[in-house]
Structures are given as C-alpha cells and as structure tokens.
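As provided, entry.pdb (PDB, C-alpha atoms and all ligand atoms) reads as follows.
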```pdb
ATOM      1  CA  MET A   1      20.695  -0.296  11.670
ATOM      2  CA  ILE A   2      21.416  -3.220   9.352
ATOM      3  CA  GLY A   3      19.862  -6.420   8.056
ATOM      4  CA  ASN A   4      20.964  -9.105   5.626
ATOM      5  CA  ASP A   5      19.493 -12.041   3.757
ATOM      6  CA  ILE A   6      21.024 -14.752   1.599
ATOM      7  CA  VAL A   7      19.196 -17.096  -0.762
ATOM      8  CA  ASP A   8      20.807 -20.336  -1.938
ATOM      9  CA  LEU A   9      19.475 -20.723  -5.473
ATOM     10  CA  ALA A  10      20.106 -24.486  -5.632
ATOM     11  CA  LEU A  11      17.956 -24.911  -2.505
ATOM     12  CA  THR A  12      15.112 -22.679  -3.722
ATOM     13  CA  ARG A  13      15.051 -24.696  -6.950
ATOM     14  CA  LYS A  14      14.661 -27.869  -4.869
ATOM     15  CA  GLU A  15      12.246 -26.605  -2.217
ATOM     16  CA  SER A  16      10.276 -23.585  -3.469
ATOM     17  CA  ASN A  17       8.144 -23.498  -6.583
ATOM     18  CA  TRP A  18       7.634 -19.779  -7.166
ATOM     19  CA  LYS A  19       5.309 -20.628 -10.081
ATOM     20  CA  ARG A  20       2.799 -22.372  -7.835
ATOM     21  CA  LYS A  21      -0.689 -20.913  -7.752
ATOM     22  CA  GLY A  22      -1.059 -18.012  -5.344
ATOM     23  CA  PHE A  23       2.635 -17.672  -4.467
ATOM     24  CA  LEU A  24       3.294 -14.359  -6.234
ATOM     25  CA  ASN A  25       0.011 -12.832  -5.005
ATOM     26  CA  LYS A  26       0.816 -13.753  -1.409
ATOM     27  CA  ILE A  27       4.353 -12.325  -1.353
ATOM     28  CA  PHE A  28       4.583  -9.545  -3.927
ATOM     29  CA  THR A  29       2.636  -6.331  -4.526
ATOM     30  CA  LYS A  30       1.114  -5.684  -7.960
ATOM     31  CA  LYS A  31       4.042  -3.427  -8.917
ATOM     32  CA  GLU A  32       6.561  -6.092  -7.843
ATOM     33  CA  GLN A  33       4.670  -8.757  -9.785
ATOM     34  CA  MET A  34       4.906  -6.582 -12.904
ATOM     35  CA  LEU A  35       8.675  -6.342 -12.396
ATOM     36  CA  ILE A  36       8.919 -10.129 -12.049
ATOM     37  CA  LEU A  37       6.749 -10.937 -15.039
ATOM     38  CA  ASN A  38       8.478  -8.353 -17.275
ATOM     39  CA  SER A  39      11.950  -9.456 -16.201
ATOM     40  CA  GLY A  40      14.252 -11.372 -18.556
ATOM     41  CA  ASN A  41      14.802 -13.806 -15.674
ATOM     42  CA  PRO A  42      11.675 -13.978 -13.485
ATOM     43  CA  GLU A  43      13.098 -16.637 -11.155
ATOM     44  CA  ILE A  44      16.085 -14.439 -10.223
ATOM     45  CA  MET A  45      13.812 -11.398  -9.800
ATOM     46  CA  VAL A  46      11.578 -13.363  -7.389
ATOM     47  CA  TRP A  47      14.491 -14.179  -5.068
ATOM     48  CA  ASN A  48      16.082 -10.772  -5.588
ATOM     49  CA  LEU A  49      12.928  -9.041  -4.291
ATOM     50  CA  TRP A  50      12.427 -11.665  -1.576
ATOM     51  CA  SER A  51      15.948 -11.170  -0.263
ATOM     52  CA  ARG A  52      15.497  -7.350  -0.181
ATOM     53  CA  LYS A  53      12.261  -7.684   1.793
ATOM     54  CA  GLU A  54      13.753 -10.109   4.303
ATOM     55  CA  ALA A  55      16.861  -7.937   4.864
ATOM     56  CA  ALA A  56      14.687  -4.816   5.320
ATOM     57  CA  TYR A  57      12.361  -6.712   7.663
ATOM     58  CA  LYS A  58      15.305  -7.429   9.961
ATOM     59  CA  ILE A  59      15.871  -3.691  10.437
ATOM     60  CA  TYR A  60      12.153  -3.074  10.927
ATOM     61  CA  ASN A  61      12.059  -5.881  13.501
ATOM     62  CA  ARG A  62      15.006  -4.392  15.423
ATOM     63  CA  GLN A  63      13.528  -0.875  15.359
ATOM     64  CA  THR A  64       9.975  -1.781  16.297
ATOM     65  CA  LEU A  65      10.343  -5.215  17.960
ATOM     66  CA  ILE A  66       7.366  -6.207  15.801
ATOM     67  CA  ARG A  67       7.626  -9.775  14.538
ATOM     68  CA  GLY A  68       5.402 -11.228  11.879
ATOM     69  CA  TYR A  69       4.935 -12.330   8.338
ATOM     70  CA  PHE A  70       3.642  -9.423   6.248
ATOM     71  CA  PRO A  71       5.452  -9.549   2.886
ATOM     72  CA  LEU A  72       2.901  -7.336   1.111
ATOM     73  CA  GLN A  73       3.568  -4.487   3.542
ATOM     74  CA  LEU A  74       7.233  -4.439   2.513
ATOM     75  CA  GLU A  75       7.512  -2.975  -1.000
ATOM     76  CA  CYS A  76      10.670  -2.791  -3.130
ATOM     77  CA  PHE A  77      11.187   0.197  -5.417
ATOM     78  CA  ASN A  78      13.807   2.490  -6.969
ATOM     79  CA  PHE A  79      16.062  -0.027  -8.711
ATOM     80  CA  GLU A  80      19.551   0.963  -9.879
ATOM     81  CA  ASN A  81      22.507  -1.102 -11.055
ATOM     82  CA  SER A  82      26.061  -0.016 -10.357
ATOM     83  CA  ASN A  83      29.370  -1.926 -10.475
ATOM     84  CA  GLY A  84      27.625  -5.291 -10.826
ATOM     85  CA  LEU A  85      25.457  -4.660  -7.761
ATOM     86  CA  SER A  86      21.774  -3.889  -7.640
ATOM     87  CA  PHE A  87      20.645  -1.065  -5.354
ATOM     88  CA  GLY A  88      17.138  -0.149  -4.278
ATOM     89  CA  LYS A  89      14.816   0.803  -1.470
ATOM     90  CA  VAL A  90      12.187  -1.032   0.568
ATOM     91  CA  GLN A  91       9.314   0.782   2.198
ATOM     92  CA  ILE A  92       7.160  -0.320   5.103
ATOM     93  CA  GLU A  93       4.723   2.132   6.674
ATOM     94  CA  ASP A  94       6.581   5.479   6.831
ATOM     95  CA  LYS A  95      10.026   3.820   6.912
ATOM     96  CA  VAL A  96      12.365   3.486   3.937
ATOM     97  CA  TYR A  97      15.414   1.207   3.956
ATOM     98  CA  TYR A  98      18.279   1.101   1.430
ATOM     99  CA  THR A  99      19.314  -2.209  -0.108
ATOM    100  CA  LYS A 100      22.378  -3.498  -1.937
ATOM    101  CA  THR A 101      22.023  -6.873  -3.662
ATOM    102  CA  GLU A 102      24.669  -9.157  -5.121
ATOM    103  CA  ILE A 103      23.463 -11.705  -7.656
ATOM    104  CA  SER A 104      25.687 -14.685  -8.482
ATOM    105  CA  SER A 105      24.934 -17.963 -10.213
ATOM    106  CA  GLN A 106      24.724 -19.665  -6.795
ATOM    107  CA  TYR A 107      23.183 -17.113  -4.457
ATOM    108  CA  ILE A 108      21.445 -13.780  -4.044
ATOM    109  CA  TYR A 109      22.647 -11.690  -1.138
ATOM    110  CA  THR A 110      21.153  -8.436   0.164
ATOM    111  CA  ILE A 111      22.366  -6.017   2.795
ATOM    112  CA  ALA A 112      19.849  -3.439   4.029
ATOM    113  CA  VAL A 113      20.644  -0.263   5.988
ATOM    114  CA  ASP A 114      18.512   2.566   7.315
ATOM    115  CA  ASN A 115      21.000   5.177   6.127
ATOM    116  CA  SER A 116      22.946   4.687   2.880
ATOM    117  CA  LYS A 117      26.186   5.957   4.493
ATOM    118  CA  TYR A 118      26.314   2.682   6.466
ATOM    119  CA  PHE A 119      26.969   0.628   3.298
ATOM    120  CA  ASP A 120      30.659   1.603   3.549
ATOM    121  CA  LYS A 121      30.853   0.668   7.229
ATOM    122  CA  ILE A 122      29.589  -2.914   7.000
ATOM    123  CA  LYS A 123      31.983  -5.589   8.264
ATOM    124  CA  THR A 124      31.525  -9.251   7.362
ATOM    125  CA  LEU A 125      32.379 -11.454  10.353
ATOM    126  CA  GLU A 126      34.015 -14.875  10.154
ATOM    127  CA  ASN A 127      32.097 -16.379  13.058
ATOM    128  CA  ARG A 128      29.640 -15.692  15.910
ATOM    129  CA  LYS A 129      32.297 -15.338  18.616
ATOM    130  CA  ASN A 130      31.296 -11.803  19.656
ATOM    131  CA  ILE A 131      27.627 -12.093  18.774
ATOM    132  CA  LYS A 132      24.967 -11.997  21.452
ATOM    133  CA  LYS A 133      21.224 -12.162  20.857
ATOM    134  CA  ILE A 134      18.719 -10.075  22.748
ATOM    135  CA  ASN A 135      15.070 -10.892  22.032
ATOM    136  CA  GLY A 136      16.434 -13.107  19.230
ATOM    137  CA  ILE A 137      18.081 -10.099  17.546
ATOM    138  CA  PRO A 138      21.860 -10.323  17.182
ATOM    139  CA  SER A 139      24.357  -7.661  18.296
ATOM    140  CA  TYR A 140      28.131  -7.516  18.086
ATOM    141  CA  ILE A 141      29.880  -6.977  21.414
ATOM    142  CA  GLU A 142      33.381  -5.504  21.414
ATOM    143  CA  LYS A 143      35.754  -7.656  23.476
ATOM    144  CA  ASP A 144      36.028  -6.417  27.083
ATOM    145  CA  SER A 145      33.469  -3.752  26.366
ATOM    146  CA  LEU A 146      29.817  -3.268  27.040
ATOM    147  CA  TYR A 147      29.477  -1.373  23.804
ATOM    148  CA  THR A 148      27.311  -3.131  21.218
ATOM    149  CA  GLU A 149      26.717  -2.654  17.504
ATOM    150  CA  PRO A 150      23.827  -4.006  15.467
ATOM    151  CA  ALA A 151      24.595  -7.314  13.730
ATOM    152  CA  SER A 152      22.664  -9.442  11.297
ATOM    153  CA  ILE A 153      22.841 -13.143  10.467
ATOM    154  CA  SER A 154      21.492 -15.001   7.473
ATOM    155  CA  HIS A 155      21.918 -18.595   6.369
ATOM    156  CA  HIS A 156      20.304 -20.642   3.666
ATOM    157  CA  GLY A 157      21.505 -23.935   2.180
ATOM    158  CA  ILE A 158      25.297 -23.889   2.017
ATOM    159  CA  PHE A 159      25.633 -20.145   2.620
ATOM    160  CA  GLU A 160      25.932 -18.065   5.767
ATOM    161  CA  ARG A 161      26.717 -14.361   6.206
ATOM    162  CA  ILE A 162      27.223 -12.520   9.490
ATOM    163  CA  ILE A 163      27.604  -8.751   9.390
ATOM    164  CA  SER A 164      28.026  -5.851  11.772
ATOM    165  CA  ILE A 165      28.801  -2.142  11.512
TER     166      ILE A 165
HETATM  167  C1  LIG B   1      12.727 -14.070  10.759
HETATM  168  C2  LIG B   1      13.008 -14.186   9.280
HETATM  169  C3  LIG B   1      13.411 -12.809   8.726
HETATM  170  C4  LIG B   1      14.183 -15.172   9.091
HETATM  171  O1  LIG B   1      14.579 -15.209   7.767
HETATM  172  P1  LIG B   1      15.066 -16.564   7.067
HETATM  173  O2  LIG B   1      15.323 -16.242   5.634
HETATM  174  O3  LIG B   1      14.110 -17.650   7.399
HETATM  175  O4  LIG B   1      16.412 -16.957   7.780
HETATM  176  P2  LIG B   1      17.790 -16.182   7.885
HETATM  177  O5  LIG B   1      18.841 -17.192   8.083
HETATM  178  O6  LIG B   1      17.983 -15.184   6.803
HETATM  179  O7  LIG B   1      17.583 -15.375   9.233
HETATM  180  C5  LIG B   1      17.644 -16.025  10.460
HETATM  181  C6  LIG B   1      18.688 -15.319  11.305
HETATM  182  O8  LIG B   1      18.287 -13.965  11.443
HETATM  183  C7  LIG B   1      18.835 -13.464  12.648
HETATM  184  N1  LIG B   1      17.913 -12.408  13.037
HETATM  185  C8  LIG B   1      16.689 -12.529  13.587
HETATM  186  N2  LIG B   1      16.133 -11.308  13.749
HETATM  187  C9  LIG B   1      17.037 -10.416  13.276
HETATM  188  C10 LIG B   1      17.034  -8.997  13.169
HETATM  189  N3  LIG B   1      15.984  -8.260  13.530
HETATM  190  N4  LIG B   1      18.128  -8.386  12.654
HETATM  191  C11 LIG B   1      19.174  -9.115  12.251
HETATM  192  N5  LIG B   1      19.257 -10.472  12.303
HETATM  193  C12 LIG B   1      18.166 -11.104  12.826
HETATM  194  C13 LIG B   1      18.916 -14.633  13.614
HETATM  195  O9  LIG B   1      20.152 -14.577  14.241
HETATM  196  C14 LIG B   1      18.772 -15.856  12.713
HETATM  197  O10 LIG B   1      19.890 -16.698  12.676
HETATM  198  P3  LIG B   1      20.188 -17.835  13.791
HETATM  199  O11 LIG B   1      18.873 -18.389  14.197
HETATM  200  O12 LIG B   1      21.089 -18.809  13.117
HETATM  201  O13 LIG B   1      20.902 -17.091  14.870
HETATM  202  C15 LIG B   1      11.789 -14.710   8.485
HETATM  203  O14 LIG B   1      11.530 -16.030   8.825
HETATM  204  C16 LIG B   1      10.540 -13.877   8.718
HETATM  205  O15 LIG B   1       9.801 -14.069   9.668
HETATM  206  N6  LIG B   1      10.281 -12.932   7.851
HETATM  207  C17 LIG B   1       9.166 -12.013   8.013
HETATM  208  C18 LIG B   1       9.177 -10.942   6.960
HETATM  209  C19 LIG B   1       8.330 -11.352   5.811
HETATM  210  O16 LIG B   1       7.161 -11.037   5.763
HETATM  211  N7  LIG B   1       8.969 -12.100   4.904
HETATM  212  C20 LIG B   1       8.276 -12.632   3.761
HETATM  213  C21 LIG B   1       9.169 -12.973   2.661
HETATM  214  S1  LIG B   1       9.583 -11.571   1.718
END
```
With the file now loaded, output its structure as structure tokens.
Amino acid sequence: MIGNDIVDLALTRKESNWKRKGFLNKIFTKKEQMLILNSGNPEIMVWNLWSRKEAAYKIYNRQTLIRGYFPLQLECFNFENSNGLSFGKVQIEDKVYYTKTEISSQYIYTIAVDNSKYFDKIKTLENRKNIKKINGIPSYIEKDSLYTEPASISHHGIFERIISI
C-alpha cells in the first residue's frame, strides 16, 4: 500500500497562515507542536508533518475505506535523516505507516508505505494513462491486463506526483 503528498511552499505562503490562532492545535498533537516550536525552521516542519499525515491518510483510506478529516488521530514520530531525506513513521489507531520526505526550497514531498521494503519498489509515473479510480482511490492497471497495483496522486500549486508500485 502506498500514499503520497506534495506541498508547494510558494502556494502555502500565499494561502495558508500556519501562525493563525488555533491552526496548530487543530492539526498537530502536543508532541508534534513541540517539534514545530523547537525546530530551527517551524514553517518547514509544519508542512513536513502535514505532508506525512496526508500521505499516510491515503493508505489508511485505501485500507479501511474510511474518509474524513481527523489530523489529530494521525501522529508523526520516529524521525531520522539519511542521504538528504527525512524518514519517519505515522500512527493511526493500531496502524503504523513508514514515510520518506524530500524537502527542497520549492516543495515538500512525502511517500508513505505500509511496509518499508516498498520504498525501493516505488515507480513515479509520467501521466495518468493507466490510472483508474475506484471509489475515488487510484490504481495502476497494466496494459491488456486485469491486474492492478495501488497508485497515489498528489498535486498542489505547480507540482504533481503520480506513483505506483
Ligand atoms: C483527500 C485528501 C487526502 C486530499 O489531499 P490534498 O492535499 O487536498 O490533495 P492531493 O492532490 O494531495 O490529493 C488528491 C488526490 O489524491 C488521490 N487520492 C484520493 N484518495 C487516495 C488514496 N486513498 N490513495 C491514493 N491517492 C488518493 C486522488 O486521485 C486525488 O487526485 P485527483 O483528484 O487529481 O485524481 C485530503 O483532502 C483529506 O481529506 N485529508 C484527510 C486527512 C487529514 O485529516 N488531513 C489533515 C491534514 S494533516
């Protein structure tokens, strides 16, 4: 299972004021708020955590078919940096998802998987040609085959990423 989420930083700067009253309390747990407020760059940490939660939610949504807005139930933990990427986990209920986040000056991009061995199997697709949505959830369909693989789509501002396994 996979999920992804991209954040266009220029757009968040235009449209989302993370410093507005109540925003952090509504989206982030106490532990996450401590991480944000103790970070050298709180703005980047806000969208870093946001992107992890959204990518993990997409797996949760595929597994459970539950849709909704419950950011406080998704909690990020276990942060590690390696080769310029930021790894971590997101928990919701008894489920734990693995995340890999790329932070650039223009965007923050997270891929989430339910088993860390899938990180090496992720393919980034150029277009939606072989993508079909069922219940709004995208899958990749091999040409001339009924075999499907999970896919995930994310777009924000000038960025779009489509992935499959
Ligand atoms: C549905 C939701 C995840 C969409 O996220 P978004 O940042 O607004 O938009 P994105 O572009 O990243 O994602 C939308 C794409 O996800 C794809 N998608 C929807 N469900 C998916 C799933 N379960 N798995 C993979 N991809 C999925 C869709 O194809 C859609 O693209 P399209 O409409 O162009 O085909 C988000 O609106 C939401 O409801 N989040 C709930 C979780 C939560 O509580 N978040 C709070 C912030 S941390």
Counting only C-alpha atoms and all ligand atoms, what are the residues of chain A within 6 Å of ligand LIG 1 (chain B), and for each of them which pair of atoms is the nearest and at what distance in Å, to one decimal? Sort the table by chain and rising number, as JSON lines.
```
{"residue": "A:Gly3", "atom": "CA", "partner": "B:LIG1", "partner_atom": "C11", "distance": 5.0}
{"residue": "A:Asp5", "atom": "CA", "partner": "B:LIG1", "partner_atom": "O6", "distance": 4.6}
{"residue": "A:Trp50", "atom": "CA", "partner": "B:LIG1", "partner_atom": "S1", "distance": 4.4}
{"residue": "A:Lys53", "atom": "CA", "partner": "B:LIG1", "partner_atom": "S1", "distance": 4.7}
{"residue": "A:Glu54", "atom": "CA", "partner": "B:LIG1", "partner_atom": "S1", "distance": 5.1}
{"residue": "A:Tyr57", "atom": "CA", "partner": "B:LIG1", "partner_atom": "C18", "distance": 5.3}
{"residue": "A:Lys58", "atom": "CA", "partner": "B:LIG1", "partner_atom": "N3", "distance": 3.7}
{"residue": "A:Ile59", "atom": "CA", "partner": "B:LIG1", "partner_atom": "N3", "distance": 5.5}
{"residue": "A:Asn61", "atom": "CA", "partner": "B:LIG1", "partner_atom": "N3", "distance": 4.6}
{"residue": "A:Arg62", "atom": "CA", "partner": "B:LIG1", "partner_atom": "N3", "distance": 4.4}
{"residue": "A:Gly68", "atom": "CA", "partner": "B:LIG1", "partner_atom": "C17", "distance": 5.5}
{"residue": "A:Tyr69", "atom": "CA", "partner": "B:LIG1", "partner_atom": "O16", "distance": 3.6}
{"residue": "A:Phe70", "atom": "CA", "partner": "B:LIG1", "partner_atom": "O16", "distance": 3.9}
{"residue": "A:Pro71", "atom": "CA", "partner": "B:LIG1", "partner_atom": "O16", "distance": 3.7}
{"residue": "A:Gly136", "atom": "CA", "partner": "B:LIG1", "partner_atom": "C8", "distance": 5.7}
{"residue": "A:Ile137", "atom": "CA", "partner": "B:LIG1", "partner_atom": "C9", "distance": 4.4}
{"residue": "A:Pro138", "atom": "CA", "partner": "B:LIG1", "partner_atom": "O9", "distance": 5.4}
{"residue": "A:Ala151", "atom": "CA", "partner": "B:LIG1", "partner_atom": "C11", "distance": 5.9}
{"residue": "A:Ser152", "atom": "CA", "partner": "B:LIG1", "partner_atom": "C11", "distance": 3.6}
{"residue": "A:Ile153", "atom": "CA", "partner": "B:LIG1", "partner_atom": "C7", "distance": 4.6}
{"residue": "A:Ser154", "atom": "CA", "partner": "B:LIG1", "partner_atom": "O5", "distance": 3.5}
{"residue": "A:His155", "atom": "CA", "partner": "B:LIG1", "partner_atom": "O5", "distance": 3.8}
{"residue": "A:His156", "atom": "CA", "partner": "B:LIG1", "partner_atom": "O5", "distance": 5.8}
```
What does the structure give for the distance between CA of Ile108 in chain A and CA of Ile66 in chain A, in Å to one decimal? 25.5 Å
Draw an axis-aligned box tight on the listed atoms of range 58-77 of chain A, then pad every side by 8 Å and write out centre and edge lengths in Å to one decimal as AutoDock Vina command-line options.
```
--center_x 9.4 --center_y -6.1 --center_z 6.3 --size_x 29.0 --size_y 28.5 --size_z 39.4
```
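Taking CA of Lys121 in chain A and CA of Leu9 in chain A as endpoints, the distance between them is 27.4 Å.
If all atoms listed in the file are the atoms counted, then among A:Phe28, A:Ala56, A:Asn130, A:Ile158 the closest residue to Leu146 in chain A is A:Asn130.
The smallest atom-to-atom distance between Asn115 in chain A and any of A:Asn17, A:Met1, A:Ser164, A:Ser139, using all atoms listed in the file, is found for A:Met1.
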Could you write out as a PyMOL selection string the residues that the PyMOL selection byres (((chain A and resi 32-34) around 10) and not hetatm) matches in the shown file? chain A and resi 24-25+27-31+35-39+42+45-46+49+72+75-77
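By all atoms listed in the file, and with residues fewer than 4 positions from Ile92 in chain A along its chain excluded, the set lying at most 7 Å from it is Gln73, Leu74, Glu75 and Val96 of chain A.
Remark: for Asp114 in chain A, the closest of the candidate residues A:Phe79, A:Tyr147, A:Phe87, A:Tyr97 is A:Tyr97 (distances computed over only C-alpha atoms).
Using all atoms listed in the file for every distance, the candidate list A:Glu160, A:Ser104, A:Thr99, A:Ile6 yields A:Glu160 as the residue closest to Glu126 in chain A.
Of the listed residues (A:Asn81, A:Asn4, A:Ser16, A:Gln63), A:Asn4 comes nearest to Ser51 in chain A; the distances count all atoms listed in the file.
Of the listed residues A:Tyr60, A:Arg67, A:Asn48, A:Val7, the one whose atoms come nearest to Asn135 in chain A is A:Arg67, with distances taken using only C-alpha atoms.
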Run through the PyMOL selection byres (((chain A and resi 124) around 7) and not hetatm) on the given coordinates and return the selected residues as a PyMOL selection string. chain A and resi 122-123+125-126+162-164
In Å, with one decimal, what is the gap from CA of Glu142 in chain A to CA of Ile165 in chain A? 11.4 Å
